[in-house]
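The structure appears right after this line, and notes come after that.
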Amino acid sequence: MGDWIRRFHPAPNAGSRLLCFPHAGGSANVYHALSAAVAGNIEPLIVQYPGRQERFGEPFAERAEEVVAAVLAALPAPVDGTPTILFGHSMGALLAFETARRLAAEGRAPAALFVSGRRGPSLPQWPARRKPVGEMSDAELIKEIKQLSGTASELLSSPDFLPLFLPPVRADYRIVDNYVYRSAPRLDCPVTVLAGDKDPGVTVEGGRAWESETRAAFSFHMLAGGHFFLDDHLPYLADLITSVLPERNAGQRACSTSRSDRAGSRKGSTRSTTARTTATDGEV
């Protein structure tokens, strides 16, 4: 699998596999706990972007297409049609989505797509007033990072930490800046969206915009927390992911709201718990 994919909990005989994309500035380690939570029936495969941890010093990726192509080239062919489930948070949601599209176009559509912390890909990915990251000073970029409450304030003022932290964040923000949504056939797999109710970048309308990307089941889960809410909702997330496994539910996706039930879901039937999470790797 080369440099692009990490296996924290190998499960070569699992009936399905989960491919996870970190957020901007993040490394594969941000999904170590999720990997442990789902390992067994699922083999977790975690994407490692260049320019961080053991890939430090490698050139950063510049565009979403570059990441998707490299990950798919490194992804081993499924054994006996092993289903692939995709998950991504924030920038990783865009990359997981584009990977799903690419797999579908190649006739090997994913079994399900899970995305979190990102508005629908057809919408503008940043507020219109926001500067491109290439025009931001370090102080402006740090101010934006602080708004997401994902990195401890003392680290953002550390002269030792910032030279290591800011370059991958800048590079990954540019991937989002350069992202261009293109019309394509809707996915045939179910799409599940998660967002934090205090996330400044994802409204209910923005989260539900993902619905137009699939012909299959769709569900939206608004959970308590800001942009980085997932760690405190890990059991809930792991259960959502494992609930789509054929062996778990004989084809009935417990995590998805059927189209006939969506009206009820919009009235607030989505589960929510009280939590907030922090992250030490990156931001978006």
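All residue names refer to the structure tokens as shown: chains lettered A, B, ... in order, residues numbered from 1 in each chain, ligands numbered from 1 in order.
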Can you pull out the residues contacting Ala171 of chain A? Cut-off 12 Å, using only C-alpha atoms, and skip same-chain residues under 2 positions away; I want them as a PyMOL selection string. chain A and resi 23-26+49-52+59-64+91+132-134+141+165-169+173-178+282-284
Keeping only N, CA, C and O atoms, write those residues as a compact mmCIF listing (two decimals), in the first residue's frame.
```txt
# COMPACT_ATOMS: atom_id res chain seq x y z
N HIS A 23 -8.69 15.30 8.12
CA HIS A 23 -8.97 16.70 7.84
C HIS A 23 -7.68 17.41 7.42
O HIS A 23 -6.58 16.84 7.49
N ALA A 24 -7.81 18.66 7.01
CA ALA A 24 -6.65 19.44 6.60
C ALA A 24 -5.67 19.62 7.74
O ALA A 24 -6.06 19.96 8.86
N GLY A 25 -4.41 19.39 7.47
CA GLY A 25 -3.39 19.48 8.49
C GLY A 25 -3.28 18.24 9.34
O GLY A 25 -2.37 18.11 10.15
N GLY A 26 -4.22 17.30 9.18
CA GLY A 26 -4.25 16.10 10.00
C GLY A 26 -3.38 14.99 9.44
O GLY A 26 -3.02 14.98 8.26
N TYR A 49 -1.42 11.65 4.33
CA TYR A 49 -1.02 12.65 3.35
C TYR A 49 0.48 12.89 3.42
O TYR A 49 1.10 12.72 4.48
N PRO A 50 1.10 13.33 2.32
CA PRO A 50 2.55 13.63 2.36
C PRO A 50 2.82 14.88 3.18
O PRO A 50 1.96 15.73 3.39
N GLY A 51 4.06 14.97 3.69
CA GLY A 51 4.50 16.15 4.39
C GLY A 51 4.26 16.15 5.88
O GLY A 51 4.42 17.19 6.54
N ARG A 52 3.92 14.98 6.45
CA ARG A 52 3.71 14.92 7.90
C ARG A 52 4.14 13.56 8.44
O ARG A 52 4.20 12.59 7.70
N PRO A 59 6.97 16.52 -0.72
CA PRO A 59 6.14 17.64 -1.22
C PRO A 59 4.67 17.43 -0.87
O PRO A 59 4.14 16.31 -0.94
N PHE A 60 4.01 18.50 -0.49
CA PHE A 60 2.58 18.43 -0.19
C PHE A 60 1.78 18.21 -1.47
O PHE A 60 2.19 18.62 -2.56
N ALA A 61 0.63 17.57 -1.33
CA ALA A 61 -0.30 17.47 -2.45
C ALA A 61 -0.90 18.85 -2.71
O ALA A 61 -1.03 19.68 -1.80
N GLU A 62 -1.30 19.09 -3.96
CA GLU A 62 -1.81 20.40 -4.33
C GLU A 62 -3.28 20.38 -4.69
O GLU A 62 -3.96 21.41 -4.54
N ARG A 63 -3.79 19.26 -5.16
CA ARG A 63 -5.18 19.20 -5.60
C ARG A 63 -5.84 17.90 -5.15
O ARG A 63 -5.17 16.89 -4.95
N ALA A 64 -7.15 17.96 -5.03
CA ALA A 64 -7.91 16.79 -4.62
C ALA A 64 -7.69 15.62 -5.57
O ALA A 64 -7.53 14.47 -5.15
N MET A 91 -11.99 18.59 5.13
CA MET A 91 -11.37 18.41 3.82
C MET A 91 -11.43 16.95 3.40
O MET A 91 -11.63 16.62 2.23
N PRO A 132 -8.16 33.79 -0.02
CA PRO A 132 -7.46 32.54 -0.32
C PRO A 132 -6.29 32.38 0.65
O PRO A 132 -5.68 33.37 1.07
N VAL A 133 -5.97 31.15 0.99
CA VAL A 133 -4.94 30.93 2.01
C VAL A 133 -3.60 31.48 1.56
O VAL A 133 -2.77 31.90 2.38
N GLY A 134 -3.35 31.52 0.26
CA GLY A 134 -2.09 32.05 -0.24
C GLY A 134 -1.91 33.53 0.05
O GLY A 134 -0.78 34.03 0.03
N LEU A 141 -4.10 33.28 9.36
CA LEU A 141 -4.38 31.86 9.31
C LEU A 141 -4.61 31.31 10.72
O LEU A 141 -5.53 30.51 10.95
N PHE A 165 3.52 22.99 12.21
CA PHE A 165 2.07 22.91 12.11
C PHE A 165 1.51 23.65 10.89
O PHE A 165 0.66 23.14 10.17
N LEU A 166 1.99 24.88 10.66
CA LEU A 166 1.36 25.71 9.65
C LEU A 166 1.58 25.24 8.20
O LEU A 166 0.67 25.34 7.38
N PRO A 167 2.77 24.75 7.82
CA PRO A 167 2.94 24.37 6.41
C PRO A 167 1.95 23.31 5.91
O PRO A 167 1.35 23.51 4.84
N PRO A 168 1.72 22.18 6.63
CA PRO A 168 0.72 21.24 6.11
C PRO A 168 -0.69 21.80 6.14
O PRO A 168 -1.50 21.47 5.26
N VAL A 169 -1.01 22.65 7.13
CA VAL A 169 -2.33 23.28 7.14
C VAL A 169 -2.51 24.17 5.92
O VAL A 169 -3.53 24.11 5.22
N TYR A 173 -5.27 23.54 3.07
CA TYR A 173 -6.26 24.59 2.79
C TYR A 173 -6.27 24.92 1.30
O TYR A 173 -7.32 25.22 0.72
N ARG A 174 -5.10 24.90 0.67
CA ARG A 174 -5.05 25.19 -0.76
C ARG A 174 -5.78 24.13 -1.57
O ARG A 174 -6.34 24.43 -2.63
N ILE A 175 -5.77 22.88 -1.08
CA ILE A 175 -6.53 21.84 -1.78
C ILE A 175 -8.01 22.22 -1.80
O ILE A 175 -8.69 22.09 -2.83
N VAL A 176 -8.51 22.72 -0.66
CA VAL A 176 -9.92 23.15 -0.62
C VAL A 176 -10.12 24.40 -1.46
O VAL A 176 -11.11 24.53 -2.18
N ASP A 177 -9.18 25.34 -1.39
CA ASP A 177 -9.26 26.54 -2.22
C ASP A 177 -9.34 26.19 -3.71
O ASP A 177 -10.05 26.84 -4.48
N ASN A 178 -8.60 25.18 -4.11
CA ASN A 178 -8.52 24.79 -5.52
C ASN A 178 -9.61 23.81 -5.95
O ASN A 178 -9.69 23.45 -7.12
N GLY A 282 -3.87 19.70 12.94
CA GLY A 282 -4.53 20.43 11.90
C GLY A 282 -5.89 20.98 12.23
O GLY A 282 -6.31 21.01 13.37
N GLU A 283 -6.62 21.40 11.19
CA GLU A 283 -7.82 22.17 11.46
C GLU A 283 -9.02 21.81 10.60
O GLU A 283 -10.06 21.54 11.14
N VAL A 284 -8.95 21.90 9.30
CA VAL A 284 -10.18 21.88 8.52
C VAL A 284 -10.53 20.50 8.01
O VAL A 284 -9.69 19.82 7.49
```
So which residues touch Ile85 of chain A within 12 Å, counting only C-alpha atoms, skipping near sequence neighbours fewer than 3 positions away, as a PyMOL selection string? chain A and resi 15-21+38+42-46+78+82+88+96-97+99-100+103+108-115+189-192+240-246
Could you save those same residues with N, CA and C atoms as a tab-separated table (two decimals), in the first residue's frame?
```tsv
chain	number	residue	atom	x	y	z
A	15	GLY	N	-14.86	-8.82	6.38
A	15	GLY	CA	-15.82	-8.86	5.28
A	15	GLY	C	-15.95	-7.55	4.53
A	16	SER	N	-15.45	-6.44	5.11
A	16	SER	CA	-15.52	-5.12	4.49
A	16	SER	C	-14.27	-4.34	4.88
A	17	ARG	N	-14.03	-3.24	4.20
A	17	ARG	CA	-12.93	-2.38	4.58
A	17	ARG	C	-13.39	-0.93	4.61
A	18	LEU	N	-12.76	-0.16	5.48
A	18	LEU	CA	-13.10	1.24	5.69
A	18	LEU	C	-11.90	2.09	5.32
A	19	LEU	N	-12.07	3.01	4.39
A	19	LEU	CA	-10.99	3.90	3.96
A	19	LEU	C	-11.29	5.30	4.49
A	20	CYS	N	-10.38	5.83	5.33
A	20	CYS	CA	-10.60	7.09	6.04
A	20	CYS	C	-9.65	8.19	5.57
A	21	PHE	N	-10.19	9.38	5.37
A	21	PHE	CA	-9.41	10.55	4.95
A	21	PHE	C	-9.40	11.59	6.07
A	38	VAL	N	-13.62	-0.01	15.14
A	38	VAL	CA	-14.36	-0.76	14.10
A	38	VAL	C	-13.62	-2.01	13.64
A	42	ILE	N	-14.52	-5.08	10.01
A	42	ILE	CA	-14.05	-4.13	9.00
A	42	ILE	C	-12.53	-4.03	9.12
A	43	GLU	N	-11.85	-3.92	7.99
A	43	GLU	CA	-10.43	-3.60	8.04
A	43	GLU	C	-10.27	-2.10	7.82
A	44	PRO	N	-9.80	-1.36	8.82
A	44	PRO	CA	-9.63	0.09	8.66
A	44	PRO	C	-8.34	0.40	7.90
A	45	LEU	N	-8.45	1.22	6.88
A	45	LEU	CA	-7.31	1.69	6.11
A	45	LEU	C	-7.31	3.21	6.20
A	46	ILE	N	-6.22	3.80	6.68
A	46	ILE	CA	-6.18	5.23	6.95
A	46	ILE	C	-5.21	5.92	6.00
A	78	PRO	N	-9.78	-5.28	-3.93
A	78	PRO	CA	-10.58	-6.02	-2.95
A	78	PRO	C	-10.57	-7.52	-3.23
A	82	THR	N	-14.77	-7.57	-1.78
A	82	THR	CA	-14.93	-6.98	-0.46
A	82	THR	C	-15.45	-5.56	-0.56
A	88	GLY	N	-14.69	10.52	5.57
A	88	GLY	CA	-13.78	11.66	5.62
A	88	GLY	C	-14.36	12.78	6.45
A	96	ALA	N	-13.04	11.98	0.24
A	96	ALA	CA	-13.80	10.73	0.25
A	96	ALA	C	-14.88	10.76	-0.82
A	97	PHE	N	-15.55	11.90	-0.97
A	97	PHE	CA	-16.59	12.04	-1.99
A	97	PHE	C	-16.02	11.87	-3.39
A	99	THR	N	-13.34	10.32	-4.19
A	99	THR	CA	-12.94	8.92	-4.32
A	99	THR	C	-14.14	8.05	-4.63
A	100	ALA	N	-15.27	8.31	-3.99
A	100	ALA	CA	-16.49	7.56	-4.27
A	100	ALA	C	-16.91	7.73	-5.72
A	103	LEU	N	-14.45	5.71	-7.93
A	103	LEU	CA	-14.73	4.28	-7.85
A	103	LEU	C	-16.00	3.91	-8.61
A	108	ARG	N	-16.71	0.08	-9.61
A	108	ARG	CA	-16.50	-0.56	-8.32
A	108	ARG	C	-16.97	0.36	-7.20
A	109	ALA	N	-18.23	0.72	-7.30
A	109	ALA	CA	-18.83	1.71	-6.39
A	109	ALA	C	-18.67	1.29	-4.94
A	110	PRO	N	-18.47	2.27	-4.05
A	110	PRO	CA	-18.35	1.95	-2.62
A	110	PRO	C	-19.68	1.47	-2.06
A	111	ALA	N	-19.60	0.79	-0.92
A	111	ALA	CA	-20.83	0.32	-0.27
A	111	ALA	C	-21.54	1.45	0.45
A	112	ALA	N	-20.81	2.46	0.91
A	112	ALA	CA	-21.41	3.59	1.62
A	112	ALA	C	-20.38	4.71	1.71
A	113	LEU	N	-20.89	5.93	1.85
A	113	LEU	CA	-20.06	7.11	2.03
A	113	LEU	C	-20.50	7.83	3.29
A	114	PHE	N	-19.56	8.06	4.21
A	114	PHE	CA	-19.78	8.82	5.43
A	114	PHE	C	-18.93	10.09	5.36
A	115	VAL	N	-19.55	11.23	5.61
A	115	VAL	CA	-18.81	12.49	5.60
A	115	VAL	C	-19.21	13.30	6.83
A	189	CYS	N	-24.68	4.69	-3.78
A	189	CYS	CA	-24.50	4.19	-2.42
A	189	CYS	C	-25.15	5.14	-1.43
A	190	PRO	N	-25.51	4.66	-0.23
A	190	PRO	CA	-26.07	5.55	0.79
A	190	PRO	C	-25.03	6.56	1.26
A	191	VAL	N	-25.49	7.74	1.59
A	191	VAL	CA	-24.63	8.81	2.08
A	191	VAL	C	-25.12	9.22	3.47
A	192	THR	N	-24.20	9.22	4.43
A	192	THR	CA	-24.50	9.63	5.80
A	192	THR	C	-23.64	10.83	6.14
A	240	LEU	N	-22.63	3.65	13.60
A	240	LEU	CA	-23.18	4.04	12.30
A	240	LEU	C	-22.46	3.31	11.16
A	241	ILE	N	-21.13	3.31	11.25
A	241	ILE	CA	-20.35	2.69	10.19
A	241	ILE	C	-20.60	1.18	10.13
A	242	THR	N	-20.55	0.52	11.27
A	242	THR	CA	-20.73	-0.94	11.26
A	242	THR	C	-22.16	-1.34	10.93
A	243	SER	N	-23.10	-0.42	11.11
A	243	SER	CA	-24.50	-0.77	10.83
A	243	SER	C	-24.78	-0.97	9.35
A	244	VAL	N	-23.87	-0.52	8.47
A	244	VAL	CA	-24.11	-0.73	7.04
A	244	VAL	C	-23.55	-2.06	6.55
A	245	LEU	N	-22.89	-2.81	7.42
A	245	LEU	CA	-22.30	-4.07	6.99
A	245	LEU	C	-23.38	-5.09	6.67
A	246	PRO	N	-23.26	-5.79	5.55
A	246	PRO	CA	-24.28	-6.79	5.19
A	246	PRO	C	-24.46	-7.84	6.27
```
Write out as a list in words all residues of segment 84-218 of chain A that DSSP puts in strand (DSSP E) for this structure's backbone.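 Strand (DSSP E) members of segment 84-218 of chain A, listed: Thr84, Ile85, Leu86, Phe87, Gly88, His89, Ala112, Leu113, Phe114, Val115, Ser116, Val191, Thr192, Val193, Leu194, Ala195, Gly196 and Phe218 of chain A.
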With distances taken over only C-alpha atoms, which of A:Ile142, A:Leu123, A:Val193, A:Ala77 is nearest to Ala93 of chain A?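 For Ala93 of chain A, the nearest of the given residues is A:Val193.
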Identify, on the basis of only C-alpha atoms, every residue whose closest approach to Ser183 of chain A does not exceed 12 Å; exclude the query and any residue fewer than 2 positions from it along the same chain; express the result as a list in words.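 Listing them by chain and then by number gives Glu98, Arg101, Pro121, Ser122, Val180, Tyr181, Pro185, Arg186, Leu187, Ser212 and Glu213 of chain A.
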Apply DSSP to the structure's backbone, then extract all residues of segment 58-217 of chain A labelled alpha helix (DSSP H) and return them as number ranges by chain. A: 64-74, 91-105, 138-147, 162-177, 204-208
Work out how far apart atom CA of Ser27 of chain A and atom CA of Arg6 of chain A are and give it in Å to one decimal. 10.3 Å
Distance in Å - atom CA of Asp138 of chain A versus atom CA of Ser158 of chain A: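 Separation of atom CA of Asp138 of chain A and atom CA of Ser158 of chain A: 12.7 Å.
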Any idea what the distance is between atom CA of Leu155 of chain A and atom CA of Val30 of chain A?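 Value for the atom CA of Leu155 of chain A-atom CA of Val30 of chain A distance: 17.2 Å.
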